[in-house]
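Novice: Here you go, run.txt (compact mmCIF, C-alpha atoms):
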```
# COMPACT_ATOMS: atom_id res chain seq x y z
CA MET Z 1 0.00 0.00 0.00
CA GLU Z 2 2.88 2.39 0.62
CA LEU Z 3 3.41 2.49 -3.13
CA LEU Z 4 0.12 4.38 -3.36
CA ALA Z 5 0.90 6.86 -0.57
CA PHE Z 6 0.32 10.52 -1.30
CA GLY Z 7 3.27 12.89 -1.22
CA ASP Z 8 6.91 12.21 -2.09
CA THR Z 9 7.03 8.62 -0.91
CA GLY Z 10 4.28 7.07 -3.02
CA TRP Z 11 2.50 7.34 -6.32
CA GLY Z 12 -0.99 8.03 -4.98
CA ASP Z 13 -1.17 11.72 -5.82
CA GLU Z 14 0.51 11.26 -9.21
CA LEU Z 15 -2.00 8.57 -10.16
CA PHE Z 16 -4.85 10.71 -8.87
CA TYR Z 17 -3.86 13.62 -11.13
CA ALA Z 18 -3.29 11.17 -13.99
CA THR Z 19 -6.86 9.92 -13.55
CA LEU Z 20 -8.13 13.50 -13.70
CA MET Z 21 -6.10 13.93 -16.90
CA THR Z 22 -7.71 10.82 -18.42
CA ILE Z 23 -11.15 12.18 -17.56
CA ALA Z 24 -10.27 15.60 -19.01
CA VAL Z 25 -8.90 14.15 -22.27
CA SER Z 26 -11.88 11.81 -22.63
CA ILE Z 27 -14.43 14.58 -22.15
CA THR Z 28 -12.58 16.94 -24.50
CA ALA Z 29 -12.27 14.20 -27.12
CA MET Z 30 -15.93 13.27 -26.80
CA PHE Z 31 -16.86 16.95 -27.22
CA ILE Z 32 -14.63 17.32 -30.30
CA GLY Z 33 -16.26 14.13 -31.57
CA PHE Z 34 -19.69 15.72 -31.15
CA LEU Z 35 -18.55 18.71 -33.20
CA PHE Z 36 -17.41 16.36 -35.97
CA ALA Z 37 -20.68 14.45 -35.74
CA LEU Z 38 -22.60 17.72 -35.95
CA LEU Z 39 -20.73 18.49 -39.17
CA PHE Z 40 -20.83 15.05 -40.80
CA THR Z 41 -24.27 13.72 -39.81
CA PRO Z 42 -26.10 16.24 -42.07
CA LEU Z 43 -23.69 15.35 -44.88
CA LYS Z 44 -24.48 11.66 -44.40
CA LEU Z 45 -28.21 12.33 -44.57
CA SER Z 46 -27.93 14.79 -47.46
CA LYS Z 47 -29.27 13.88 -50.87
CA ASN Z 48 -26.19 15.29 -52.55
CA LYS Z 49 -24.01 12.35 -53.69
CA PHE Z 50 -20.75 14.27 -53.31
CA LEU Z 51 -21.45 15.36 -49.71
CA ASN Z 52 -22.49 11.80 -49.00
CA PHE Z 53 -19.21 10.54 -50.37
CA ILE Z 54 -17.19 12.88 -48.14
CA ALA Z 55 -19.03 11.83 -44.99
CA ASN Z 56 -18.85 8.14 -45.87
CA SER Z 57 -15.11 8.35 -46.54
CA TYR Z 58 -14.60 9.96 -43.14
CA THR Z 59 -16.47 7.29 -41.19
CA THR Z 60 -15.16 4.37 -43.25
CA ILE Z 61 -11.52 5.39 -43.09
CA ILE Z 62 -11.51 6.25 -39.40
CA ARG Z 63 -13.42 3.14 -38.40
CA GLY Z 64 -11.27 0.88 -40.60
CA VAL Z 65 -7.82 2.08 -39.55
CA PRO Z 66 -6.29 1.36 -36.11
CA GLU Z 67 -6.54 4.15 -33.54
CA LEU Z 68 -2.83 3.93 -32.88
CA LEU Z 69 -2.03 4.70 -36.52
CA VAL Z 70 -4.29 7.78 -36.43
CA ILE Z 71 -2.55 8.93 -33.25
CA TYR Z 72 0.88 8.50 -34.86
CA LEU Z 73 -0.34 10.54 -37.84
CA PHE Z 74 -1.33 13.40 -35.55
CA PHE Z 75 1.65 13.05 -33.26
CA PHE Z 76 4.22 13.14 -36.05
CA GLY Z 77 2.21 15.12 -38.57
CA GLY Z 78 0.46 17.66 -36.35
CA THR Z 79 3.48 19.86 -35.71
CA GLY Z 80 4.44 19.84 -39.38
CA ALA Z 81 0.93 20.77 -40.51
CA VAL Z 82 0.59 23.63 -38.03
CA MET Z 83 4.05 24.96 -38.92
CA TYR Z 84 3.17 24.78 -42.61
CA VAL Z 85 -0.01 26.82 -42.06
CA ALA Z 86 1.94 29.26 -39.87
CA SER Z 87 4.61 29.66 -42.56
CA ILE Z 88 1.94 30.80 -45.01
CA PHE Z 89 1.26 33.64 -42.60
CA GLY Z 90 4.97 34.38 -42.40
CA TYR Z 91 5.77 32.71 -39.07
CA ASN Z 92 8.77 30.42 -39.38
CA GLU Z 93 9.75 29.61 -35.78
CA TYR Z 94 9.40 26.09 -34.40
CA ILE Z 95 5.97 25.47 -32.93
CA GLU Z 96 5.41 22.69 -30.47
CA ILE Z 97 1.84 21.56 -30.04
CA ASN Z 98 0.65 20.55 -26.65
CA ALA Z 99 0.31 16.75 -26.22
CA PHE Z 100 -3.13 17.27 -24.68
CA ILE Z 101 -4.46 19.07 -27.76
CA THR Z 102 -2.91 16.58 -30.22
CA GLY Z 103 -4.24 13.63 -28.24
CA ALA Z 104 -7.71 15.01 -27.66
CA PHE Z 105 -7.98 15.94 -31.32
CA ALA Z 106 -6.85 12.52 -32.57
CA ILE Z 107 -9.20 10.64 -30.23
CA GLY Z 108 -11.91 13.21 -30.99
CA ILE Z 109 -11.77 12.50 -34.71
CA ILE Z 110 -12.07 8.76 -34.00
CA SER Z 111 -14.89 9.29 -31.52
CA GLY Z 112 -16.61 11.61 -34.03
CA ALA Z 113 -16.79 8.86 -36.66
CA TYR Z 114 -18.61 6.57 -34.23
CA SER Z 115 -20.88 9.41 -33.02
CA THR Z 116 -21.76 10.29 -36.61
CA GLU Z 117 -22.97 6.74 -37.22
CA VAL Z 118 -24.98 6.80 -33.98
CA PHE Z 119 -26.69 10.11 -34.81
CA ARG Z 120 -27.39 9.04 -38.38
CA GLY Z 121 -29.05 5.85 -37.14
CA ALA Z 122 -31.06 7.73 -34.52
CA ILE Z 123 -32.32 10.42 -36.91
CA GLN Z 124 -33.20 7.84 -39.55
CA SER Z 125 -35.28 5.87 -37.08
CA ILE Z 126 -37.44 8.90 -36.20
CA ASP Z 127 -40.85 8.57 -37.75
CA LYS Z 128 -41.34 10.58 -40.94
CA GLY Z 129 -44.62 11.90 -39.51
CA GLN Z 130 -42.68 13.88 -36.91
CA PHE Z 131 -40.92 15.88 -39.63
CA GLU Z 132 -44.21 16.43 -41.47
CA ALA Z 133 -46.05 17.42 -38.29
CA ALA Z 134 -43.33 19.97 -37.53
CA ASN Z 135 -43.73 21.38 -41.05
CA VAL Z 136 -47.51 21.54 -40.68
CA LEU Z 137 -47.12 23.46 -37.41
CA GLY Z 138 -45.16 26.04 -39.38
CA LEU Z 139 -41.97 25.71 -37.33
CA ASN Z 140 -38.88 27.14 -38.94
CA LYS Z 141 -35.78 25.01 -39.55
CA PHE Z 142 -34.21 25.71 -36.16
CA GLY Z 143 -37.41 25.19 -34.20
CA LYS Z 144 -37.99 21.95 -36.05
CA PHE Z 145 -34.52 20.66 -35.32
CA PHE Z 146 -34.07 21.79 -31.72
CA LYS Z 147 -37.61 21.30 -30.41
CA ILE Z 148 -38.84 18.26 -32.30
CA ILE Z 149 -36.02 16.22 -33.82
CA LEU Z 150 -33.11 16.67 -31.37
CA PRO Z 151 -34.91 15.61 -28.17
CA GLN Z 152 -36.17 12.43 -29.84
CA THR Z 153 -32.77 11.75 -31.42
CA LEU Z 154 -31.06 12.07 -28.03
CA ARG Z 155 -33.39 9.53 -26.46
CA LEU Z 156 -32.60 7.00 -29.18
CA ALA Z 157 -28.90 7.86 -29.33
CA ILE Z 158 -27.97 7.78 -25.63
CA PRO Z 159 -27.55 3.99 -25.26
CA ASN Z 160 -25.24 3.89 -28.31
CA LEU Z 161 -23.45 7.09 -27.31
CA SER Z 162 -22.66 5.41 -24.02
CA ASN Z 163 -20.80 2.75 -26.03
CA VAL Z 164 -18.95 5.49 -27.91
CA TRP Z 165 -18.01 7.05 -24.57
CA GLN Z 166 -16.61 3.73 -23.34
CA ILE Z 167 -14.57 3.34 -26.54
CA THR Z 168 -13.32 6.93 -26.25
CA LEU Z 169 -12.37 6.50 -22.60
CA LYS Z 170 -10.40 3.34 -23.37
CA ASP Z 171 -8.79 4.87 -26.48
CA THR Z 172 -7.27 7.66 -24.38
CA SER Z 173 -4.87 5.04 -22.99
CA LEU Z 174 -3.23 5.07 -26.44
CA ILE Z 175 -2.30 8.76 -26.10
CA SER Z 176 0.29 7.64 -23.57
CA VAL Z 177 2.58 6.94 -26.56
CA THR Z 178 2.74 10.70 -27.18
CA GLY Z 179 3.95 11.36 -23.62
CA LEU Z 180 0.82 12.90 -22.16
CA VAL Z 181 0.76 11.92 -18.50
CA GLU Z 182 -2.56 10.14 -18.10
CA ILE Z 183 -3.26 6.88 -16.23
CA MET Z 184 -1.31 4.66 -18.61
CA ARG Z 185 1.72 6.92 -18.90
CA GLN Z 186 1.88 7.51 -15.15
CA SER Z 187 1.69 3.75 -14.50
CA TYR Z 188 4.49 3.25 -17.02
CA ILE Z 189 6.65 5.80 -15.21
CA ALA Z 190 5.82 4.35 -11.79
CA ALA Z 191 6.39 0.78 -13.01
CA GLY Z 192 9.76 1.79 -14.43
CA SER Z 193 11.06 3.48 -11.30
CA THR Z 194 9.77 0.94 -8.77
CA ARG Z 195 10.26 -2.16 -10.94
CA ASP Z 196 6.79 -3.26 -9.99
CA PRO Z 197 4.89 -3.30 -13.30
CA LEU Z 198 2.41 -5.98 -12.21
CA PHE Z 199 1.11 -3.85 -9.37
CA PHE Z 200 0.92 -0.56 -11.26
CA TYR Z 201 -0.62 -1.90 -14.46
CA SER Z 202 -3.17 -3.87 -12.43
CA PHE Z 203 -3.94 -0.70 -10.51
CA ALA Z 204 -4.35 1.15 -13.81
CA ALA Z 205 -6.84 -1.53 -14.86
CA VAL Z 206 -8.76 -0.96 -11.63
CA LEU Z 207 -8.82 2.79 -12.26
CA TYR Z 208 -10.22 2.25 -15.78
CA LEU Z 209 -12.81 -0.19 -14.43
CA PHE Z 210 -13.81 2.38 -11.83
CA LEU Z 211 -14.18 5.06 -14.51
CA THR Z 212 -16.28 2.86 -16.81
CA PHE Z 213 -18.42 1.71 -13.88
CA VAL Z 214 -19.15 5.24 -12.63
CA SER Z 215 -19.83 6.61 -16.10
CA MET Z 216 -22.25 3.75 -16.83
CA LYS Z 217 -24.20 4.63 -13.68
CA LEU Z 218 -24.36 8.31 -14.68
CA ILE Z 219 -25.40 7.53 -18.24
CA ASN Z 220 -28.16 5.22 -17.02
CA ARG Z 221 -29.62 8.14 -15.08
CA LEU Z 222 -29.43 10.31 -18.19
CA GLU Z 223 -31.20 7.61 -20.14
CA VAL Z 224 -34.05 7.56 -17.64
CA LYS Z 225 -34.30 11.34 -17.84
CA TYR Z 226 -34.59 11.42 -21.61
CA SER Z 227 -37.06 8.55 -21.69
CA ARG Z 228 -39.69 10.42 -19.68
CA GLY Z 229 -43.04 10.05 -21.34
CA TYR Z 230 -42.24 6.73 -22.98
CA MET M 231 3.68 14.07 -51.54
CA ASP M 232 6.68 11.80 -51.70
CA LEU M 233 5.53 9.16 -54.18
CA GLU M 234 8.87 7.39 -54.18
CA LEU M 235 8.71 6.81 -50.44
CA MET M 236 5.18 5.47 -50.79
CA ILE M 237 6.23 2.99 -53.48
CA ASN M 238 9.36 1.97 -51.56
CA SER M 239 7.60 1.44 -48.27
CA PHE M 240 4.74 -0.56 -49.79
CA PRO M 241 6.52 -3.96 -49.88
CA LYS M 242 7.83 -3.49 -46.33
CA LEU M 243 4.38 -2.63 -45.06
CA LEU M 244 2.82 -5.47 -46.99
CA SER M 245 5.11 -8.05 -45.40
CA ALA M 246 4.34 -6.50 -42.01
CA ALA M 247 0.65 -6.94 -42.79
CA VAL M 248 1.28 -10.69 -42.89
CA ILE M 249 2.32 -10.53 -39.22
CA THR M 250 -0.83 -8.53 -38.45
CA LEU M 251 -2.94 -11.21 -40.13
CA LYS M 252 -1.10 -13.98 -38.27
CA LEU M 253 -1.69 -12.26 -34.91
CA LEU M 254 -5.32 -11.71 -35.84
CA SER M 255 -6.11 -15.23 -36.99
CA VAL M 256 -4.36 -17.04 -34.12
CA SER M 257 -5.98 -14.84 -31.46
CA LEU M 258 -9.40 -15.11 -33.11
CA ILE M 259 -9.28 -18.91 -33.12
CA ILE M 260 -8.19 -19.12 -29.47
CA GLY M 261 -10.62 -16.33 -28.56
CA LEU M 262 -13.52 -18.15 -30.17
CA PHE M 263 -12.99 -21.17 -27.91
CA ILE M 264 -12.59 -18.95 -24.83
CA GLY M 265 -15.73 -17.05 -25.83
CA LEU M 266 -17.75 -20.22 -26.37
CA PHE M 267 -16.57 -21.61 -23.03
CA PHE M 268 -17.58 -18.49 -21.10
CA ALA M 269 -20.85 -18.10 -23.01
CA ILE M 270 -21.83 -21.60 -21.88
CA LEU M 271 -20.84 -20.70 -18.30
CA ARG M 272 -23.01 -17.59 -18.54
CA LEU M 273 -26.01 -19.75 -19.38
CA ASN M 274 -25.35 -21.91 -16.33
CA LYS M 275 -27.97 -21.60 -13.59
CA ASN M 276 -25.39 -21.74 -10.80
CA ILE M 277 -25.07 -18.11 -9.63
CA PHE M 278 -21.41 -18.44 -8.69
CA ILE M 279 -20.33 -19.79 -12.08
CA ASN M 280 -22.55 -17.24 -13.78
CA LYS M 281 -21.03 -14.33 -11.85
CA LEU M 282 -17.51 -15.61 -12.52
CA ALA M 283 -18.10 -15.61 -16.28
CA TYR M 284 -19.72 -12.18 -16.09
CA GLY M 285 -16.78 -10.86 -14.06
CA TYR M 286 -14.35 -12.06 -16.73
CA SER M 287 -16.17 -10.34 -19.55
CA TYR M 288 -16.76 -7.18 -17.47
CA VAL M 289 -13.10 -6.77 -16.57
CA PHE M 290 -11.79 -7.40 -20.09
CA ARG M 291 -14.40 -5.17 -21.73
CA GLY M 292 -14.02 -2.40 -19.18
CA THR M 293 -10.26 -1.92 -19.41
CA PRO M 294 -8.15 -0.81 -22.38
CA LEU M 295 -6.43 -3.53 -24.39
CA LEU M 296 -3.13 -1.68 -23.85
CA VAL M 297 -3.36 -2.27 -20.08
CA GLN M 298 -4.07 -5.95 -20.66
CA ILE M 299 -1.03 -6.38 -22.90
CA PHE M 300 1.22 -4.52 -20.45
CA ILE M 301 0.04 -6.60 -17.49
CA ILE M 302 0.77 -9.81 -19.37
CA TYR M 303 4.03 -8.74 -21.00
CA PHE M 304 5.65 -6.60 -18.28
CA GLY M 305 3.66 -7.71 -15.22
CA LEU M 306 3.68 -11.49 -15.33
CA GLY M 307 7.43 -11.66 -15.88
CA GLN M 308 7.83 -10.15 -12.43
CA ILE M 309 6.46 -13.22 -10.66
CA GLU M 310 9.50 -15.32 -9.73
CA TYR M 311 7.52 -18.53 -9.60
CA LEU M 312 6.31 -18.16 -13.19
CA ARG M 313 9.86 -17.75 -14.43
CA SER M 314 10.73 -21.22 -13.16
CA THR M 315 7.80 -22.99 -14.84
CA VAL M 316 7.34 -24.20 -18.41
CA LEU M 317 4.95 -21.28 -18.98
CA TRP M 318 7.93 -18.94 -19.07
CA VAL M 319 8.92 -20.30 -22.49
CA ILE M 320 5.69 -18.73 -23.79
CA LEU M 321 5.54 -15.65 -21.56
CA LYS M 322 8.99 -14.36 -22.41
CA GLU M 323 8.04 -14.03 -26.06
CA PRO M 324 6.28 -10.73 -26.89
CA TYR M 325 4.52 -12.52 -29.75
CA TRP M 326 2.75 -14.96 -27.44
CA CYS M 327 2.07 -12.33 -24.80
CA ALA M 328 0.31 -10.24 -27.42
CA ILE M 329 -1.68 -13.26 -28.59
CA ILE M 330 -2.71 -14.18 -25.03
CA ALA M 331 -3.90 -10.60 -24.42
CA PHE M 332 -5.76 -10.42 -27.75
CA ALA M 333 -7.35 -13.85 -27.28
CA LEU M 334 -8.56 -13.03 -23.76
CA ASN M 335 -9.86 -9.67 -24.96
CA THR M 336 -11.71 -10.93 -28.00
CA GLY M 337 -12.88 -13.93 -25.93
CA ALA M 338 -14.68 -11.55 -23.56
CA TYR M 339 -16.51 -9.79 -26.40
CA THR M 340 -17.21 -13.08 -28.18
CA SER M 341 -18.71 -14.59 -25.02
CA GLU M 342 -21.18 -11.67 -24.87
CA ILE M 343 -22.05 -12.03 -28.56
CA LEU M 344 -22.61 -15.78 -28.26
CA ARG M 345 -24.52 -15.48 -25.00
CA SER M 346 -27.05 -13.08 -26.49
CA ALA M 347 -27.27 -15.31 -29.58
CA PHE M 348 -28.04 -18.36 -27.40
CA GLN M 349 -30.60 -16.40 -25.42
CA THR M 350 -32.49 -15.27 -28.51
CA ILE M 351 -32.98 -18.86 -29.70
CA LYS M 352 -36.67 -19.55 -29.27
CA SER M 353 -37.34 -22.09 -26.52
CA GLY M 354 -39.78 -23.81 -28.90
CA ILE M 355 -36.87 -24.97 -31.06
CA VAL M 356 -35.17 -26.68 -28.12
CA GLU M 357 -38.49 -28.16 -26.98
CA ALA M 358 -39.16 -29.48 -30.48
CA GLY M 359 -35.80 -31.25 -30.34
CA LYS M 360 -36.60 -32.73 -26.95
CA SER M 361 -40.01 -33.97 -28.04
CA LEU M 362 -38.33 -35.74 -30.95
CA GLY M 363 -36.30 -37.61 -28.36
CA ILE M 364 -32.96 -36.03 -29.28
CA SER M 365 -30.43 -36.00 -26.44
CA ASN M 366 -29.45 -32.70 -24.82
CA LYS M 367 -25.92 -32.97 -26.16
CA VAL M 368 -27.07 -33.39 -29.76
CA ILE M 369 -29.62 -30.58 -29.34
CA PHE M 370 -26.80 -28.32 -28.20
CA TYR M 371 -24.30 -29.22 -30.91
CA LYS M 372 -26.64 -29.77 -33.84
CA ILE M 373 -29.42 -27.26 -33.17
CA GLN M 374 -28.40 -24.51 -30.77
CA ILE M 375 -24.83 -23.93 -31.95
CA PRO M 376 -25.64 -23.62 -35.69
CA ILE M 377 -28.50 -21.20 -34.97
CA ALA M 378 -26.33 -19.20 -32.54
CA ILE M 379 -23.57 -18.95 -35.14
CA ARG M 380 -25.98 -17.54 -37.70
CA GLN M 381 -27.44 -15.09 -35.17
CA SER M 382 -24.06 -13.82 -34.07
CA LEU M 383 -22.42 -13.44 -37.50
CA PRO M 384 -23.05 -9.68 -37.95
CA ALA M 385 -21.84 -8.81 -34.45
CA TYR M 386 -18.90 -11.18 -34.76
CA GLY M 387 -17.93 -9.57 -38.05
CA ASN M 388 -17.65 -6.24 -36.25
CA GLU M 389 -15.60 -7.90 -33.55
CA ILE M 390 -13.15 -9.28 -36.14
CA ILE M 391 -12.63 -5.79 -37.56
CA LEU M 392 -12.22 -4.28 -34.07
CA MET M 393 -9.73 -7.02 -33.24
CA MET M 394 -7.79 -6.37 -36.44
CA LYS M 395 -7.42 -2.77 -35.32
CA GLY M 396 -6.52 -4.02 -31.85
CA THR M 397 -3.55 -6.01 -33.17
CA SER M 398 -1.86 -2.66 -33.88
CA LEU M 399 -1.10 -2.54 -30.14
CA ALA M 400 1.35 -5.40 -30.65
CA SER M 401 3.73 -2.69 -31.82
CA THR M 402 3.91 -1.39 -28.23
CA VAL M 403 5.59 -4.62 -27.11
CA THR M 404 8.30 -4.48 -29.78
CA LEU M 405 6.50 -6.55 -32.44
CA MET M 406 6.92 -5.26 -35.97
CA ASP M 407 3.36 -5.59 -37.25
CA LEU M 408 1.84 -3.22 -39.83
CA THR M 409 1.53 -0.34 -37.36
CA GLY M 410 4.95 -1.05 -35.89
CA VAL M 411 6.67 -0.86 -39.27
CA ALA M 412 4.60 2.21 -40.22
CA LYS M 413 5.74 3.96 -37.06
CA TYR M 414 9.33 3.00 -37.73
CA ILE M 415 9.21 4.42 -41.27
CA ILE M 416 7.48 7.59 -40.03
CA SER M 417 10.05 8.17 -37.30
CA THR M 418 12.98 7.71 -39.69
CA THR M 419 11.62 9.70 -42.65
CA PHE M 420 9.29 12.21 -40.92
CA LYS M 421 6.72 11.74 -43.67
CA PRO M 422 3.66 10.75 -41.63
CA ILE M 423 1.02 11.47 -44.25
CA GLU M 424 2.54 9.33 -47.02
CA VAL M 425 3.09 6.36 -44.71
CA PHE M 426 -0.36 6.77 -43.21
CA ILE M 427 -1.95 6.60 -46.65
CA VAL M 428 -0.14 3.37 -47.58
CA ALA M 429 -0.52 1.62 -44.19
CA GLY M 430 -4.08 2.87 -43.74
CA GLY M 431 -4.87 1.70 -47.27
CA ILE M 432 -3.67 -1.82 -46.45
CA TYR M 433 -5.77 -1.84 -43.26
CA LEU M 434 -8.82 -0.60 -45.17
CA PHE M 435 -8.31 -3.28 -47.79
CA MET M 436 -8.26 -5.96 -45.08
CA THR M 437 -11.38 -4.45 -43.47
CA PHE M 438 -13.07 -4.52 -46.87
CA ILE M 439 -12.25 -8.21 -47.40
CA ILE M 440 -13.40 -9.23 -43.90
CA HIS M 441 -16.60 -7.21 -44.30
CA ASN M 442 -17.46 -8.92 -47.58
CA VAL M 443 -16.60 -12.44 -46.39
CA ILE M 444 -18.95 -11.96 -43.41
CA LYS M 445 -21.65 -10.58 -45.69
CA TYR M 446 -21.28 -13.64 -47.94
CA LEU M 447 -21.50 -16.01 -44.94
CA GLU M 448 -24.56 -14.18 -43.64
CA LYS M 449 -26.27 -14.70 -46.96
CA LYS M 450 -25.21 -18.32 -47.18
CA TYR M 451 -26.43 -19.23 -43.71
CA SER M 452 -29.60 -17.14 -43.72
CA PHE M 453 -32.80 -19.05 -43.08
CA ASN M 454 -34.73 -17.73 -46.05
```
Is it possible to give me this structure as structure tokens?

Specialist:
Amino acid sequence: MELLAFGDTGWGDELFYATLMTIAVSITAMFIGFLFALLFTPLKLSKNKFLNFIANSYTTIIRGVPELLVIYLFFFGGTGAVMYVASIFGYNEYIEINAFITGAFAIGIISGAYSTEVFRGAIQSIDKGQFEAANVLGLNKFGKFFKIILPQTLRLAIPNLSNVWQITLKDTSLISVTGLVEIMRQSYIAAGSTRDPLFFYSFAAVLYLFLTFVSMKLINRLEVKYSRGY
Amino acid sequence: MDLELMINSFPKLLSAAVITLKLLSVSLIIGLFIGLFFAILRLNKNIFINKLAYGYSYVFRGTPLLVQIFIIYFGLGQIEYLRSTVLWVILKEPYWCAIIAFALNTGAYTSEILRSAFQTIKSGIVEAGKSLGISNKVIFYKIQIPIAIRQSLPAYGNEIILMMKGTSLASTVTLMDLTGVAKYIISTTFKPIEVFIVAGGIYLFMTFIIHNVIKYLEKKYSFN
């Protein structure tokens, strides 16, 4: 137990902050994923073949290529891309991008592909009559979307989004390869300096189990909330 | 775009893809047996056995695959007793450690897929078998398993693709699979986009093949 002590003697406080970092990266990535889903879901549902093609390429490529490969692309390519854009504006110094931003963005793009599929499925399973009724009531586009379609979509999407959240949470462990100190990276450091990998990696597994368990409980409550009236 | 690099790295990446496929197929076969075993335990009426099987699938589905590989590869080697047994011959090899982790991981997901497939089999089918005087064993092997396989094909197809992506983690324990070689080429040439296109293309091609094979099997084994 003394390995987990807080303060200078143990790894308790380090692992605690690392857990907070995992939570922060996961939430940021999930949010970035929502932004991507917000952009690509309409494209998926659009009648325009070209827009369809773009959205389908995004979800197919991201869901067919390993997460680790995407992270390497961002880790090695991110700095170069940002510096290239900066050089267009006449800035030629070396720019280092924060590991948090690179990681959250890479996981966010992956999470977004899954979210897009979830939202597409949810919107498609809403009865056509709901759209027509909203039109008949004379609601404008925004009213129709935010008051009629979105609440029903959320109810249908929450169970699947909870799966996406679990995937996202577990994927953040892969960001450890970029050096961001989250649970996995901190366990790696602790395992290296104490030569006790079995203990620290098992403890990391417990931390992840705790996070998935707690988030499942919270999501179940959300599910109940959005299912009122059904 | 560095076309020359893309053409030069293609054969290297292609031969690394063979290792990816090897890792995938071996762990899928072992994982299928593990999954079937735990799915049967889940259907057991004994609460203790039931909970044990549920605990296995909960732990392996609730933790990242990376943690599982690290526990097996770095963690188990720490136990002095294990080092003196025959098991050490297997556990000192990163290749087998990766396969054990992948098989246990995919086994957990497979057990859930098979369990739900067994549970959706209508009880009337089993009763029909019983009333024909067929023994329980034959009902299980000749009636329940074939139906369960058909029911679980779509979900299992997804699991194969997820597992194929999972094998990329083998590169974290020094194995040179497709992702491992891709990372090596990226870190020596600093051309991430070119390498990503080639390696990602190979992965997508494999996804495409798996997807279509599963689709074909679904059609072949459909009831209509």

Novice: Any idea which chain Z residues end up within 10 Å of chain M if we count all atoms listed in the file, as a short mmCIF file (atom, residue, chain, number, x, y, z; two decimals) with C-alpha atoms, in the coordinates of the input please?

Specialist:
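Result went into iface_38.cif, see below:
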```cif
data_model
loop_
_atom_site.label_atom_id
_atom_site.label_comp_id
_atom_site.auth_asym_id
_atom_site.auth_seq_id
_atom_site.Cartn_x
_atom_site.Cartn_y
_atom_site.Cartn_z
CA THR Z 60 -15.16 4.37 -43.25
CA ILE Z 61 -11.52 5.39 -43.09
CA ILE Z 62 -11.51 6.25 -39.40
CA ARG Z 63 -13.42 3.14 -38.40
CA GLY Z 64 -11.27 0.88 -40.60
CA VAL Z 65 -7.82 2.08 -39.55
CA PRO Z 66 -6.29 1.36 -36.11
CA GLU Z 67 -6.54 4.15 -33.54
CA LEU Z 68 -2.83 3.93 -32.88
CA LEU Z 69 -2.03 4.70 -36.52
CA VAL Z 70 -4.29 7.78 -36.43
CA TYR Z 72 0.88 8.50 -34.86
CA LEU Z 73 -0.34 10.54 -37.84
CA PHE Z 74 -1.33 13.40 -35.55
CA PHE Z 75 1.65 13.05 -33.26
CA PHE Z 76 4.22 13.14 -36.05
CA GLY Z 77 2.21 15.12 -38.57
CA GLY Z 78 0.46 17.66 -36.35
CA GLY Z 80 4.44 19.84 -39.38
CA GLN Z 166 -16.61 3.73 -23.34
CA ILE Z 167 -14.57 3.34 -26.54
CA LEU Z 169 -12.37 6.50 -22.60
CA LYS Z 170 -10.40 3.34 -23.37
CA ASP Z 171 -8.79 4.87 -26.48
CA THR Z 172 -7.27 7.66 -24.38
CA SER Z 173 -4.87 5.04 -22.99
CA LEU Z 174 -3.23 5.07 -26.44
CA SER Z 176 0.29 7.64 -23.57
CA VAL Z 177 2.58 6.94 -26.56
CA ILE Z 183 -3.26 6.88 -16.23
CA MET Z 184 -1.31 4.66 -18.61
CA SER Z 187 1.69 3.75 -14.50
CA TYR Z 188 4.49 3.25 -17.02
CA ALA Z 191 6.39 0.78 -13.01
CA ARG Z 195 10.26 -2.16 -10.94
CA ASP Z 196 6.79 -3.26 -9.99
CA PRO Z 197 4.89 -3.30 -13.30
CA LEU Z 198 2.41 -5.98 -12.21
CA PHE Z 199 1.11 -3.85 -9.37
CA PHE Z 200 0.92 -0.56 -11.26
CA TYR Z 201 -0.62 -1.90 -14.46
CA SER Z 202 -3.17 -3.87 -12.43
CA PHE Z 203 -3.94 -0.70 -10.51
CA ALA Z 204 -4.35 1.15 -13.81
CA ALA Z 205 -6.84 -1.53 -14.86
CA VAL Z 206 -8.76 -0.96 -11.63
CA LEU Z 207 -8.82 2.79 -12.26
CA TYR Z 208 -10.22 2.25 -15.78
CA LEU Z 209 -12.81 -0.19 -14.43
CA PHE Z 210 -13.81 2.38 -11.83
CA LEU Z 211 -14.18 5.06 -14.51
CA THR Z 212 -16.28 2.86 -16.81
CA PHE Z 213 -18.42 1.71 -13.88
#
```

Novice: Smallest atom-to-atom distance to Leu235 (chain M): which of M:Ile373, M:Leu271, M:Ile415, M:Gly265, using all atoms listed in the file?

Specialist: M:Ile415

Novice: Find the residues near Ala378 (chain M): any atom within 12 Å, counting all atoms listed in the file, skip ones fewer than 4 places away on the same chain, and give them as a PyMOL selection string.

Specialist: chain M and resi 266+269-270+340-352+370-374+382-386+451-452

Novice: Which residue gives the smallest distance to Ala338 (chain M) among M:Ile377, M:Ile277, M:Leu258, M:Leu321, with all atoms listed in the file counted?

Specialist: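 Using all atoms listed in the file, Ala338 (chain M) sits closest to M:Leu258.
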
Novice: Would you kindly return, as JSON, numbers by chain, each protein, DNA or RNA residue with an atom no farther than 6 Å from any atom of region 28-43 of chain Z, considering all atoms listed in the file and excluding same-chain residues fewer than 6 positions away?

Specialist: {"Z": [51, 52, 55, 104, 107, 108, 109, 111, 112, 115, 116, 120]}

Novice: State, in Å with one decimal place, the distance from CA of Ala134 (chain Z) to CA of Ile148 (chain Z).

Specialist: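 Result for CA of Ala134 (chain Z) versus CA of Ile148 (chain Z): 7.1 Å, one decimal.
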
Novice: As an exercise, work out the distance from CA of Leu362 (chain M) to CA of Pro376 (chain M) in Å and give it to one decimal place.

Specialist: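 Taking CA of Leu362 (chain M) as the start and CA of Pro376 (chain M) as the end point, the length is 18.2 Å.
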